[in-house]
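Shown next, in structure tokens, is the structure this report addresses.
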Amino acid sequence: MERQIRNNRVIMVVILLISLVSSWFLVNYLVGQVSETADADALIHITENAEQLQYSFQNRINDTWAIMEIESQSLSELTSASERDAFSIISLLQEKSNASRVCLISKQGLFLDGNGTAGQWQFDAAMLPVLRGEEKLCFLRREDTGGDFLDFAIPLSTPITEQGYSVLMMEYTLDTFLEVLELQTYGGQGVAFVVDGAGRTLFKSDGALISDHEQNYFFYQFLKEMDFAGNNSVTDVKSLRAAVNAGESGAVYVSENAYSYALSFRPLNIMD
């Protein structure tokens with residue numbers, strides 16, 4: 001049986017997993033020795049790099065929705081489709097899209113996936129709008145086994161098969177979907193994070209930090225004792241967090257003893 005610990009509906013502006021109001025933020029920073037005077041060129045460079053990552057991520061989001069729009073229209077036209085017809089379509093879509101799973105779900109919670117598995121889908125209130133046919137949505141789903149999944153769901157205009165499947169869903173493992181954020185520069189010293197509004201790290205690209213900083217699950221925690229420079233509106237962790245939660249973009253230097261970072265932050269808007 002499908003296990004679902006928590007669905008977090010992703011909308012515009014800010015992620016707060018506790019209140020289910022969420023959007024995502026990319027935090028991208030360069031490890032290096034920087035002076036207290038803050039080199040403006042370095043901040044410009046790290047900002048440009050963060051913009052490229054943001055653009056790559058948004059394109060992946062847009063491509064996924066484009067595929068789902070086409071496939072949902074095709075499925076909706078199969079008014080007399082059999083279970084076998086539906087399975088053929090979603091299994092092929094699962095293969096071509098590299099999604100970990102593609103599902104059809106009915107309003108009663110019955111599901112069929114591209115692996116041929118059928119059963120009862122367990123969902124919460126986050127999925128009600130798409131089940132009612134009102135809107136598409138994207139949400140983070142976490143299993144008690146520790147798996148993190150990014151689910152895209154879109155309503156069909158007409159229910160299909162005897163089971164009355166009315167929703168098409170594509171599911172990706174979070175790390176696989178966000179691999180577009182892997183940095184290719186800075187000799188392995190650049191690191192990209194996706195964090196929620198509370199500062200919890202949802203994704204981290206490959207890259208090297210000192211061990212004390214690597215161990216912090218909460219992104220803001222290791223910035224707590226650092227000095228901020230180069231940004232008049234972001235002068236400490238509190239103001240950085242406020243800027244991120246407000247959906248703002250920016251860059252700042254942070255330093256602690258012998259360690260200095262150039263840090264750029266940008267919002268990741270999953271819904272329109």
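Note on naming: chains are A, B, ... as they come in the structure tokens, residues start from 1 per chain, ligands start from 1 in the order shown.
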Write out as a JSON list (two decimals) with C-alpha atoms, in the first residue's frame which residues come within 9 Å of region 129-135 of chain A when counting only C-alpha atoms, dropping same-chain ones fewer than 6 positions away.
```
[["chain", "number", "residue", "atom", "x", "y", "z"],
["A", 105, "ILE", "CA", -5.52, 7.99, -9.78],
["A", 106, "SER", "CA", -9.30, 8.02, -9.34],
["A", 107, "LYS", "CA", -11.32, 10.26, -7.03],
["A", 153, "ALA", "CA", -0.40, 15.94, -10.65],
["A", 154, "ILE", "CA", -2.81, 17.19, -13.30],
["A", 155, "PRO", "CA", -6.56, 16.48, -13.69],
["A", 156, "LEU", "CA", -7.98, 14.73, -16.75],
["A", 157, "SER", "CA", -10.91, 16.51, -18.37],
["A", 166, "SER", "CA", -9.24, 11.29, -13.26],
["A", 167, "VAL", "CA", -5.68, 12.37, -12.35]]
```
Show which residues sit within 10 Å of Glu171 (chain A), as a PDB file with C-alpha atoms, in the first residue's frame. Count only C-alpha atoms, and ignore same-chain residues fewer than 6 positions away.
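Contents of part25.pdb, freshly written:
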```
ATOM      1  CA  GLN A  94       7.258   6.391 -17.533  1.00  0.00           C
ATOM      2  CA  ASN A  98      12.711   8.878 -16.745  1.00  0.00           C
ATOM      3  CA  ALA A  99      10.179   9.450 -13.973  1.00  0.00           C
ATOM      4  CA  SER A 100      10.449   7.003 -11.109  1.00  0.00           C
ATOM      5  CA  ARG A 101       6.725   6.368 -11.485  1.00  0.00           C
ATOM      6  CA  VAL A 102       3.746   7.506 -13.565  1.00  0.00           C
ATOM      7  CA  CYS A 103       0.281   6.920 -12.089  1.00  0.00           C
ATOM      8  CA  CYS A 138       3.224  19.921  -7.396  1.00  0.00           C
ATOM      9  CA  PHE A 139       4.120  18.695  -3.927  1.00  0.00           C
ATOM     10  CA  LEU A 140       6.919  17.127  -1.945  1.00  0.00           C
ATOM     11  CA  ARG A 141       6.114  13.629  -0.687  1.00  0.00           C
ATOM     12  CA  PHE A 149       9.783  12.509  -4.039  1.00  0.00           C
ATOM     13  CA  LEU A 150       8.614  15.425  -6.164  1.00  0.00           C
ATOM     14  CA  ASP A 151       5.116  14.708  -7.481  1.00  0.00           C
ATOM     15  CA  PHE A 152       3.359  16.501 -10.347  1.00  0.00           C
ATOM     16  CA  ALA A 153      -0.397  15.940 -10.651  1.00  0.00           C
ATOM     17  CA  PHE A 177      14.940  15.750 -10.505  1.00  0.00           C
TER      18      PHE A 177
END
```
Per residue of region 96-172 of chain A within 9 Å of region 81-91 of chain A, note the shortest atom pair and the distance in Å to one decimal, counting only C-alpha atoms, and order the rows by chain and increasing residue number, as JSON lines.
```
{"residue": "A:Lys96", "atom": "CA", "partner": "A:Ser91", "partner_atom": "CA", "distance": 8.8}
{"residue": "A:Arg101", "atom": "CA", "partner": "A:Ser91", "partner_atom": "CA", "distance": 8.7}
{"residue": "A:Val102", "atom": "CA", "partner": "A:Ile90", "partner_atom": "CA", "distance": 6.0}
{"residue": "A:Cys103", "atom": "CA", "partner": "A:Ile90", "partner_atom": "CA", "distance": 6.9}
{"residue": "A:Leu104", "atom": "CA", "partner": "A:Ile90", "partner_atom": "CA", "distance": 7.9}
{"residue": "A:Leu112", "atom": "CA", "partner": "A:Phe87", "partner_atom": "CA", "distance": 7.4}
{"residue": "A:Asp113", "atom": "CA", "partner": "A:Ile90", "partner_atom": "CA", "distance": 7.0}
{"residue": "A:Gly114", "atom": "CA", "partner": "A:Ser91", "partner_atom": "CA", "distance": 3.9}
{"residue": "A:Asn115", "atom": "CA", "partner": "A:Ser91", "partner_atom": "CA", "distance": 6.6}
{"residue": "A:Gly116", "atom": "CA", "partner": "A:Phe87", "partner_atom": "CA", "distance": 7.0}
{"residue": "A:Ile160", "atom": "CA", "partner": "A:Ala81", "partner_atom": "CA", "distance": 6.2}
{"residue": "A:Thr161", "atom": "CA", "partner": "A:Ala81", "partner_atom": "CA", "distance": 5.2}
{"residue": "A:Glu162", "atom": "CA", "partner": "A:Ser82", "partner_atom": "CA", "distance": 7.5}
{"residue": "A:Gln163", "atom": "CA", "partner": "A:Glu83", "partner_atom": "CA", "distance": 8.3}
{"residue": "A:Leu168", "atom": "CA", "partner": "A:Ile90", "partner_atom": "CA", "distance": 8.8}
```
Restrict the selected residues to N, CA, C and O atoms and save them as a PDB file, in the first residue's frame.
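Final output, part.pdb:
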```pdb
ATOM      1  N   LYS A  96       9.845   6.906 -21.151  1.00  0.00           N
ATOM      2  CA  LYS A  96      10.409   8.029 -21.903  1.00  0.00           C
ATOM      3  C   LYS A  96      10.798   9.212 -21.017  1.00  0.00           C
ATOM      4  O   LYS A  96      11.738   9.939 -21.327  1.00  0.00           O
ATOM      5  N   ARG A 101       8.038   6.999 -11.379  1.00  0.00           N
ATOM      6  CA  ARG A 101       6.725   6.368 -11.485  1.00  0.00           C
ATOM      7  C   ARG A 101       5.738   7.320 -12.146  1.00  0.00           C
ATOM      8  O   ARG A 101       5.766   8.522 -11.919  1.00  0.00           O
ATOM      9  N   VAL A 102       4.866   6.768 -12.977  1.00  0.00           N
ATOM     10  CA  VAL A 102       3.746   7.506 -13.565  1.00  0.00           C
ATOM     11  C   VAL A 102       2.471   6.787 -13.152  1.00  0.00           C
ATOM     12  O   VAL A 102       2.379   5.563 -13.276  1.00  0.00           O
ATOM     13  N   CYS A 103       1.505   7.528 -12.636  1.00  0.00           N
ATOM     14  CA  CYS A 103       0.281   6.920 -12.089  1.00  0.00           C
ATOM     15  C   CYS A 103      -0.981   7.555 -12.666  1.00  0.00           C
ATOM     16  O   CYS A 103      -0.986   8.730 -13.044  1.00  0.00           O
ATOM     17  N   LEU A 104      -2.041   6.777 -12.685  1.00  0.00           N
ATOM     18  CA  LEU A 104      -3.394   7.273 -12.860  1.00  0.00           C
ATOM     19  C   LEU A 104      -4.114   7.058 -11.539  1.00  0.00           C
ATOM     20  O   LEU A 104      -3.994   5.990 -10.933  1.00  0.00           O
ATOM     21  N   LEU A 112      -3.251   3.136 -10.638  1.00  0.00           N
ATOM     22  CA  LEU A 112      -2.548   2.209 -11.514  1.00  0.00           C
ATOM     23  C   LEU A 112      -1.280   2.911 -11.943  1.00  0.00           C
ATOM     24  O   LEU A 112      -1.326   4.062 -12.385  1.00  0.00           O
ATOM     25  N   ASP A 113      -0.115   2.243 -11.814  1.00  0.00           N
ATOM     26  CA  ASP A 113       1.119   2.896 -12.237  1.00  0.00           C
ATOM     27  C   ASP A 113       1.755   2.184 -13.416  1.00  0.00           C
ATOM     28  O   ASP A 113       1.303   1.118 -13.845  1.00  0.00           O
ATOM     29  N   GLY A 114       2.807   2.789 -13.951  1.00  0.00           N
ATOM     30  CA  GLY A 114       3.464   2.278 -15.147  1.00  0.00           C
ATOM     31  C   GLY A 114       4.205   0.979 -14.946  1.00  0.00           C
ATOM     32  O   GLY A 114       4.689   0.380 -15.919  1.00  0.00           O
ATOM     33  N   ASN A 115       4.301   0.517 -13.697  1.00  0.00           N
ATOM     34  CA  ASN A 115       4.911  -0.779 -13.411  1.00  0.00           C
ATOM     35  C   ASN A 115       3.872  -1.895 -13.382  1.00  0.00           C
ATOM     36  O   ASN A 115       4.220  -3.057 -13.181  1.00  0.00           O
ATOM     37  N   GLY A 116       2.606  -1.503 -13.544  1.00  0.00           N
ATOM     38  CA  GLY A 116       1.531  -2.484 -13.495  1.00  0.00           C
ATOM     39  C   GLY A 116       0.974  -2.689 -12.104  1.00  0.00           C
ATOM     40  O   GLY A 116       0.129  -3.563 -11.882  1.00  0.00           O
ATOM     41  N   ILE A 160     -11.383   8.099 -17.136  1.00  0.00           N
ATOM     42  CA  ILE A 160     -11.225   7.005 -18.093  1.00  0.00           C
ATOM     43  C   ILE A 160     -11.230   5.653 -17.394  1.00  0.00           C
ATOM     44  O   ILE A 160     -10.974   5.568 -16.188  1.00  0.00           O
ATOM     45  N   THR A 161     -11.522   4.619 -18.154  1.00  0.00           N
ATOM     46  CA  THR A 161     -11.637   3.216 -17.760  1.00  0.00           C
ATOM     47  C   THR A 161     -12.767   3.039 -16.732  1.00  0.00           C
ATOM     48  O   THR A 161     -13.333   4.012 -16.220  1.00  0.00           O
ATOM     49  N   GLU A 162     -13.055   1.810 -16.430  1.00  0.00           N
ATOM     50  CA  GLU A 162     -14.117   1.511 -15.474  1.00  0.00           C
ATOM     51  C   GLU A 162     -13.782   2.010 -14.068  1.00  0.00           C
ATOM     52  O   GLU A 162     -14.676   2.236 -13.252  1.00  0.00           O
ATOM     53  N   GLN A 163     -12.499   2.190 -13.811  1.00  0.00           N
ATOM     54  CA  GLN A 163     -12.086   2.664 -12.491  1.00  0.00           C
ATOM     55  C   GLN A 163     -12.301   4.170 -12.331  1.00  0.00           C
ATOM     56  O   GLN A 163     -12.247   4.701 -11.214  1.00  0.00           O
ATOM     57  N   LEU A 168      -3.624  12.371 -13.625  1.00  0.00           N
ATOM     58  CA  LEU A 168      -2.341  11.846 -14.076  1.00  0.00           C
ATOM     59  C   LEU A 168      -1.256  12.407 -13.164  1.00  0.00           C
ATOM     60  O   LEU A 168      -1.210  13.599 -12.919  1.00  0.00           O
TER      61      LEU A 168
END
```
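Among the candidate residues A:Glu179, A:Asp148, A:Glu95, A:Asp41, the one lying nearest to Val252 (chain A) is A:Asp41, with distances computed using only C-alpha atoms.
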Would you tabulate, counting only C-alpha atoms, all residues of region 90-191 of chain A that have an atom at most 8 Å from an atom of region 200-207 of chain A, showing the closest pair of atoms and their distance in Å to one decimal, sorted by chain then ascending number, as a Markdown table?
```
| residue | atom | partner | partner_atom | distance |
| --- | --- | --- | --- | --- |
| A:Leu174 | CA | A:Phe203 | CA | 7.6 |
| A:Asp175 | CA | A:Phe203 | CA | 6.7 |
| A:Leu178 | CA | A:Phe203 | CA | 7.6 |
| A:Glu179 | CA | A:Ser205 | CA | 7.6 |
| A:Leu181 | CA | A:Ser205 | CA | 6.8 |
| A:Glu182 | CA | A:Ser205 | CA | 5.2 |
| A:Leu183 | CA | A:Ser205 | CA | 7.1 |
| A:Gly188 | CA | A:Gly207 | CA | 5.0 |
| A:Gln189 | CA | A:Gly207 | CA | 5.3 |
| A:Gly190 | CA | A:Gly207 | CA | 5.8 |
| A:Val191 | CA | A:Gly207 | CA | 5.1 |
```
